[in-house]
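To be precise, the following lines are protein_11.txt, and they hold compact mmCIF, C-alpha atoms and all ligand atoms.
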# COMPACT_ATOMS: atom_id res chain seq x y z
CA MET B 1 8.25 0.41 -13.54
CA GLU B 2 6.80 -0.61 -16.84
CA LYS B 3 6.06 2.51 -18.77
CA ILE B 4 2.42 3.31 -19.27
CA SER B 5 1.26 5.78 -21.83
CA LEU B 6 -0.63 8.05 -19.41
CA LEU B 7 -3.48 8.88 -21.73
CA GLY B 8 -1.47 9.07 -24.91
CA ASN B 9 -3.35 5.97 -26.16
CA ASP B 10 -6.61 5.16 -27.94
CA ASN B 11 -8.62 3.58 -25.13
CA VAL B 12 -12.03 5.18 -24.82
CA ALA B 13 -14.98 4.21 -22.62
CA ASP B 14 -18.21 6.26 -22.79
CA ASP B 15 -16.34 9.00 -24.65
CA VAL B 16 -13.74 9.26 -21.89
CA PRO B 17 -10.13 8.41 -22.73
CA TYR B 18 -8.64 6.12 -20.14
CA ASP B 19 -5.37 4.44 -19.30
CA LEU B 20 -4.38 1.36 -17.38
CA ILE B 21 -2.59 1.09 -14.05
CA LYS B 22 -0.78 -2.16 -13.39
CA LEU B 23 -1.76 -3.83 -10.11
CA PRO B 24 1.15 -5.20 -8.04
CA SER B 25 -1.17 -8.06 -6.91
CA LYS B 26 -2.05 -8.91 -10.54
CA GLY B 27 -5.62 -9.33 -9.23
CA ILE B 28 -4.78 -12.82 -7.98
CA VAL B 29 -6.03 -12.32 -4.42
CA TYR B 30 -9.46 -10.91 -5.20
CA ASP B 31 -12.36 -13.35 -5.10
CA GLU B 32 -14.62 -14.18 -8.01
CA ASP B 33 -17.21 -11.53 -7.14
CA HIS B 34 -14.63 -8.77 -6.96
CA PRO B 35 -14.39 -6.45 -10.00
CA LEU B 36 -10.60 -6.91 -10.05
CA HIS B 37 -10.61 -10.73 -9.81
CA GLY B 38 -7.77 -11.91 -12.06
CA GLU B 39 -7.27 -8.41 -13.51
CA GLU B 40 -3.67 -7.38 -14.00
CA ASP B 41 -4.56 -3.75 -14.39
CA VAL B 42 -7.29 -1.24 -13.68
CA ALA B 43 -8.63 1.52 -15.96
CA PHE B 44 -8.68 5.16 -14.90
CA ARG B 45 -9.11 8.54 -16.52
CA ALA B 46 -6.86 11.56 -15.98
CA PRO B 47 -7.79 13.99 -13.21
CA GLY B 48 -9.62 17.10 -14.40
CA ALA B 49 -11.58 20.03 -13.00
CA PRO B 50 -13.97 17.87 -10.88
CA GLU B 51 -10.97 16.42 -9.09
CA GLU B 52 -9.74 19.91 -8.24
CA ASN B 53 -12.98 20.30 -6.30
CA ILE B 54 -12.27 17.06 -4.45
CA LEU B 55 -8.68 17.99 -3.64
CA THR B 56 -9.69 21.38 -2.27
CA SER B 57 -12.65 20.10 -0.25
CA VAL B 58 -11.89 20.98 3.36
CA ALA B 59 -14.59 18.56 4.55
CA LEU B 60 -13.00 15.60 2.74
CA ILE B 61 -9.52 16.56 3.90
CA LYS B 62 -10.73 16.79 7.52
CA LYS B 63 -12.47 13.41 7.27
CA GLY B 64 -9.31 11.88 5.79
CA THR B 65 -11.27 10.51 2.83
CA VAL B 66 -9.96 12.80 0.13
CA ILE B 67 -7.68 10.23 -1.55
CA ASN B 68 -10.35 7.53 -1.60
CA THR B 69 -12.86 10.00 -3.06
CA LEU B 70 -10.30 10.99 -5.68
CA ILE B 71 -9.63 7.36 -6.62
CA ARG B 72 -13.37 6.54 -6.82
CA SER B 73 -13.91 9.52 -9.06
CA LEU B 74 -11.18 8.45 -11.51
CA LEU B 75 -11.61 4.67 -11.78
CA ILE B 76 -13.76 3.78 -14.78
CA ASN B 77 -15.34 0.81 -12.97
CA LYS B 78 -17.41 2.45 -10.24
CA SER B 79 -17.97 -0.80 -8.35
CA ILE B 80 -14.35 -0.81 -7.12
CA ASP B 81 -14.04 0.24 -3.49
CA PRO B 82 -10.48 1.54 -2.96
CA THR B 83 -10.58 0.54 0.72
CA ASP B 84 -11.05 -3.14 -0.28
CA LEU B 85 -7.78 -3.18 -2.19
CA LEU B 86 -4.46 -4.50 -0.96
CA ILE B 87 -2.32 -1.64 0.35
CA GLY B 88 0.16 -2.01 -2.54
CA ASP B 89 -2.55 -1.92 -5.21
CA LYS B 90 -3.98 1.25 -3.72
CA SER B 91 -0.47 2.77 -3.58
CA ALA B 92 0.07 2.00 -7.28
CA ILE B 93 -3.25 3.65 -8.19
CA THR B 94 -2.51 6.68 -6.01
CA LEU B 95 0.94 7.07 -7.55
CA MET B 96 -0.32 6.87 -11.16
CA ILE B 97 -3.12 9.34 -10.47
CA ARG B 98 -0.56 11.73 -9.01
CA ILE B 99 1.65 11.38 -12.08
CA ALA B 100 -1.30 11.81 -14.46
CA GLY B 101 -2.56 14.86 -12.59
CA PHE B 102 0.58 16.71 -11.62
CA GLY B 103 3.46 15.10 -13.47
CA LYS B 104 6.24 12.79 -12.35
CA GLU B 105 8.34 15.46 -10.69
CA TYR B 106 7.73 15.65 -6.96
CA LYS B 107 9.64 18.28 -5.05
CA THR B 108 9.66 17.82 -1.31
CA LYS B 109 11.91 17.77 1.74
CA THR B 110 13.80 14.61 2.52
CA ARG B 111 16.19 13.61 5.31
CA CYS B 112 19.63 12.10 4.76
CA PRO B 113 19.79 8.81 6.72
CA SER B 114 23.55 9.28 7.16
CA CYS B 115 23.85 12.79 8.59
CA GLY B 116 20.24 13.79 9.30
CA ASN B 117 20.40 16.80 6.99
CA ASP B 118 16.96 17.94 5.72
CA PHE B 119 17.04 19.18 2.17
CA ALA B 120 14.75 19.74 -0.78
CA HIS B 121 14.89 17.16 -3.54
CA GLU B 122 12.92 16.55 -6.71
CA PHE B 123 11.93 12.89 -6.88
CA ASP B 124 11.10 11.29 -10.21
CA LEU B 125 7.93 9.30 -9.42
CA SER B 126 8.01 7.46 -12.74
CA LYS B 127 11.12 5.59 -11.59
CA CYS B 128 9.39 3.84 -8.66
CA GLN B 129 9.73 0.09 -9.04
CA TYR B 130 6.94 -2.44 -8.83
CA LYS B 131 7.16 -5.45 -6.56
CA PHE B 132 4.67 -7.86 -8.08
CA LEU B 133 3.08 -10.73 -6.18
CA GLN B 134 5.26 -13.74 -6.99
CA VAL B 135 3.69 -16.38 -4.77
CA ASP B 136 0.44 -18.20 -5.44
CA PRO B 137 -2.24 -18.07 -2.79
CA VAL B 138 -3.46 -21.35 -1.28
CA VAL B 139 -6.46 -21.12 -3.61
CA LYS B 140 -6.62 -18.84 -6.65
CA GLY B 141 -8.90 -15.86 -6.01
CA LYS B 142 -8.41 -16.09 -2.26
CA ASN B 143 -6.36 -13.72 -0.14
CA LEU B 144 -4.83 -16.63 1.77
CA PHE B 145 -1.20 -17.75 1.87
CA ASP B 146 0.69 -20.36 3.85
CA PHE B 147 3.97 -20.35 5.72
CA THR B 148 5.63 -22.85 8.04
CA LEU B 149 7.05 -21.30 11.20
CA PRO B 150 10.76 -22.25 11.33
CA PHE B 151 10.94 -22.84 15.10
CA SER B 152 7.65 -24.52 16.08
CA LYS B 153 7.20 -26.04 12.58
CA LYS B 154 3.52 -25.07 12.72
CA LYS B 155 1.82 -24.18 9.47
CA VAL B 156 0.18 -20.75 9.38
CA LEU B 157 -2.46 -19.44 6.99
CA PHE B 158 -2.48 -15.67 6.61
CA SER B 159 -3.88 -12.91 4.43
CA LEU B 160 -2.31 -9.74 3.03
CA LEU B 161 -3.62 -6.52 4.55
CA THR B 162 -6.19 -4.42 2.75
CA ASP B 163 -6.26 -0.65 2.99
CA LYS B 164 -9.36 -0.80 5.22
CA GLN B 165 -7.70 -3.19 7.69
CA ASP B 166 -4.55 -1.09 7.80
CA VAL B 167 -6.52 2.08 8.55
CA GLU B 168 -8.54 0.30 11.27
CA ILE B 169 -5.42 -1.07 12.97
CA THR B 170 -3.76 2.35 12.99
CA LYS B 171 -6.94 4.00 14.31
CA ALA B 172 -7.36 1.43 17.09
CA GLN B 173 -3.73 1.89 18.05
CA THR B 174 -4.06 5.68 18.22
CA ASN B 175 -7.24 5.40 20.33
CA ARG B 176 -5.66 2.91 22.70
CA LYS B 177 -2.63 5.13 23.20
CA LYS B 178 -4.87 8.12 23.88
CA ALA B 179 -6.95 6.16 26.38
CA MET B 180 -4.21 4.28 28.19
CA GLY B 181 -1.17 6.41 27.48
CA GLY B 182 0.73 3.16 26.92
CA GLU B 183 4.32 3.30 25.82
CA VAL B 184 4.32 -0.06 24.11
CA ASP B 185 3.25 0.02 20.54
CA THR B 186 1.15 -3.08 19.80
CA ILE B 187 0.91 -2.45 16.08
CA ILE B 188 3.10 -5.47 15.23
CA THR B 189 0.90 -7.96 17.04
CA ASP B 190 -2.28 -6.13 15.96
CA ARG B 191 -1.24 -6.55 12.33
CA LEU B 192 -0.32 -10.19 12.83
CA LEU B 193 -3.62 -10.92 14.55
CA THR B 194 -5.54 -9.38 11.68
CA GLN B 195 -3.52 -11.34 9.13
CA ILE B 196 -3.29 -14.78 10.73
CA LYS B 197 -6.29 -16.91 9.83
CA GLU B 198 -5.13 -20.29 11.10
CA ILE B 199 -2.26 -21.79 13.07
CA GLU B 200 -1.82 -25.53 12.91
CA GLY B 201 -2.95 -27.21 16.10
CA ILE B 202 -4.39 -24.05 17.64
CA PRO B 203 -8.14 -23.45 17.74
CA ARG B 204 -9.28 -20.18 16.13
CA GLU B 205 -10.23 -18.68 19.50
CA GLY B 206 -6.76 -19.47 20.81
CA ILE B 207 -4.82 -17.54 18.15
CA ALA B 208 -4.88 -14.18 19.97
CA ASP B 209 -3.58 -15.81 23.12
CA PHE B 210 -0.88 -17.66 21.17
CA VAL B 211 0.37 -14.43 19.58
CA ASN B 212 -0.07 -12.07 22.54
CA SER B 213 1.12 -14.24 25.41
CA GLY B 214 4.51 -14.98 23.93
CA LYS B 215 3.71 -18.62 23.11
CA MET B 216 4.66 -17.76 19.57
CA SER B 217 8.43 -17.31 19.76
CA MET B 218 9.98 -14.07 18.60
CA ARG B 219 11.93 -16.05 16.05
CA ASP B 220 8.72 -17.43 14.53
CA SER B 221 6.97 -14.09 14.69
CA ARG B 222 9.87 -12.33 12.97
CA ALA B 223 10.18 -15.03 10.33
CA LEU B 224 6.48 -14.76 9.54
CA ARG B 225 6.58 -10.98 9.35
CA ASN B 226 9.68 -11.07 7.14
CA TYR B 227 7.98 -13.51 4.81
CA ILE B 228 4.83 -11.40 4.63
CA ASN B 229 6.95 -8.31 3.85
CA LYS B 230 8.85 -10.20 1.22
CA ILE B 231 5.82 -11.39 -0.73
CA ASN B 232 3.55 -8.39 -0.13
CA PRO B 233 2.98 -6.80 -3.55
CA ASP B 234 3.68 -3.09 -3.62
CA VAL B 235 5.07 -0.18 -5.51
CA LEU B 236 8.31 0.92 -3.89
CA LEU B 237 8.18 4.62 -3.15
CA GLU B 238 11.91 5.11 -2.93
CA GLU B 239 14.79 6.62 -4.85
CA LYS B 240 18.55 6.75 -4.51
CA VAL B 241 19.49 10.30 -3.60
CA SER B 242 22.84 11.87 -2.81
CA CYS B 243 22.93 14.23 0.14
CA ASN B 244 23.82 17.85 -0.63
CA LEU B 245 25.75 18.11 2.62
CA CYS B 246 27.67 14.85 3.23
CA SER B 247 27.33 13.44 -0.32
CA ALA B 248 26.17 10.04 1.00
CA GLU B 249 24.19 8.11 -1.61
CA GLU B 250 21.25 6.50 0.16
CA VAL B 251 17.90 5.02 -0.75
CA HIS B 252 15.31 7.52 0.47
CA THR B 253 11.72 6.56 1.13
CA ILE B 254 9.71 9.15 -0.77
CA PRO B 255 7.90 11.14 1.91
CA LEU B 256 4.18 11.42 1.21
CA GLY B 257 3.86 15.01 2.32
CA LEU B 258 1.25 17.60 1.44
CA GLU B 259 3.00 18.44 -1.83
CA PHE B 260 2.17 14.98 -3.17
CA PHE B 261 -1.37 16.02 -4.09
CA TRP B 262 -1.07 19.69 -3.24
CA PRO B 263 2.11 20.72 -5.02
CA LYS B 264 3.12 24.34 -4.72
CA MET B 265 2.42 26.38 -7.83
CA GLU B 266 5.60 27.66 -9.41
ZN ZN G 1 23.98 13.61 4.50

Rewritten as structure tokens:
Amino acid sequence: MEKISLLGNDNVADDVPYDLIKLPSKGIVYDEDHPLHGEEDVAFRAPGAPEENILTSVALIKKGTVINTLIRSLLINKSIDPTDLLIGDKSAITLMIRIAGFGKEYKTKTRCPSCGNDFAHEFDLSKCQYKFLQVDPVVKGKNLFDFTLPFSKKKVLFSLLTDKQDVEITKAQTNRKKAMGGEVDTIITDRLLTQIKEIEGIPREGIADFVNSGKMSMRDSRALRNYINKINPDVLLEEKVSCNLCSAEEVHTIPLGLEFFWPKME
């Protein structure tokens, strides 16, 4: 990750010192009316006492809106809605706010992928790598990309998921499982259906049928998903850790547990 000064700089807006968080999307996908259109970074101030109130608000925690409230409170530009952002941009902001508020050391439990041993490890959050958007959208300022399916040779137009869409898909999935008790997770096709905007030769109203009925081959579906994963801008919450039991060196996904924003006092 490119080092940022985390408030050791001279930027000041309305008497508040601020710092910049790099956006993995480089602002390329946001349309002209969006406050982050073409912006490579976003300004925030360091968390202070007001944010302690947010983080300890039981009501916000219960509603699941505590992180969004925290982000809104710290971004200098109040017209930015964190739920409108691409998932990776929101992750980068969340990570930097965590580092600014509580430091880069994050002690939590992690599981060794080799032997399954659970052990405590201190991750260094400042080492997380950025995966910047490297592909141009079909039109600049539009969250729209193209891909040709390798099997059917059809051209697909798709968008990258925003935080809001991701939350809605997960919620719908949870509700459906509760209601129907289904054992098949439809989250893969739900995501694809939200992301696909056009398939060559298929009318818009036929897209759901094309994806859900198996007319889109698994090979095409996998290739599309792989491509989306590959280009999706993000900050990679992972670190190479060696297991204290079997000594295997593995890349661990940093678990976003309670201690991320509610670290234990030591
Ligand atoms: Zn192990």

Checklist line | Given 6 Å and all atoms listed in the file, residues near ligand ZN 1 (chain G) as a PyMOL selection string | finding: chain B and resi 112+114-115+117+243+245-248

Notebook entry, point to check: So which residues touch Leu236 (chain B) within 9 Å, counting all atoms listed in the file, skipping near sequence neighbours fewer than 4 positions away, as a PyMOL selection string?
Noted result: chain B and resi 88+91-92+128-131+253-254

Margin query: As an exercise, work out the distance from CA of Asn68 (chain B) to CA of Leu85 (chain B) in Å and give it to one decimal place.
Written below: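 CA of Leu85 (chain B) lies 11.0 Å from CA of Asn68 (chain B).
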
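Across B:Gly27, B:Pro82, B:Pro17, B:Gly38, the tightest approach to Lys164 (chain B) is made by B:Pro82 when counting all atoms listed in the file.
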
Note to self: What's the separation between CA of Asn143 (chain B) and CA of Lys215 (chain B), in Å to one decimal place?
What the structure shows: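 Interatomic distance here is 25.8 Å.
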
Check: For Leu95 (chain B), which of B:Ile187, B:Val211, B:Met180, B:Ile67 is the closest residue, counting all atoms listed in the file?
Finding: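 Closest to Leu95 (chain B), using all atoms listed in the file: B:Ile67.
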
Notebook entry, point to check: Pick the closest to Arg225 (chain B) from B:Lys171, B:Lys197, B:Arg191, B:Lys90: which is it, counting all atoms listed in the file?
Noted result: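 Smallest distance to Arg225 (chain B) is found for B:Arg191.
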
Check: For the atom pair CA of Thr65 (chain B) and CA of Thr83 (chain B), what is the interatomic distance in Å to one decimal place?
Finding: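 Taking CA of Thr65 (chain B) and CA of Thr83 (chain B), their separation equals 10.2 Å.
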
Write out as a short mmCIF file (atom, residue, chain, number, x, y, z; two decimals) with C-alpha atoms, in the coordinates of the input the residues lying within 7 Å of region 72-79 of chain B, counting all atoms listed in the file and excluding same-chain residues fewer than 6 positions away.
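Output saved as part37.cif:
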data_model
loop_
_atom_site.label_atom_id
_atom_site.label_comp_id
_atom_site.auth_asym_id
_atom_site.auth_seq_id
_atom_site.Cartn_x
_atom_site.Cartn_y
_atom_site.Cartn_z
CA PRO B 35 -14.39 -6.45 -10.00
CA ALA B 43 -8.63 1.52 -15.96
CA PHE B 44 -8.68 5.16 -14.90
CA ARG B 45 -9.11 8.54 -16.52
CA ALA B 46 -6.86 11.56 -15.98
CA PRO B 47 -7.79 13.99 -13.21
#

Notebook entry, point to check: Near Ile28 (chain B), counting only C-alpha atoms, which residues have an atom at most 9 Å away, once you skip same-chain residues fewer than 5 positions from it, shown as a VMD selection string?
Noted result: chain B and resid 36 to 40 133 136 to 137 140 to 143
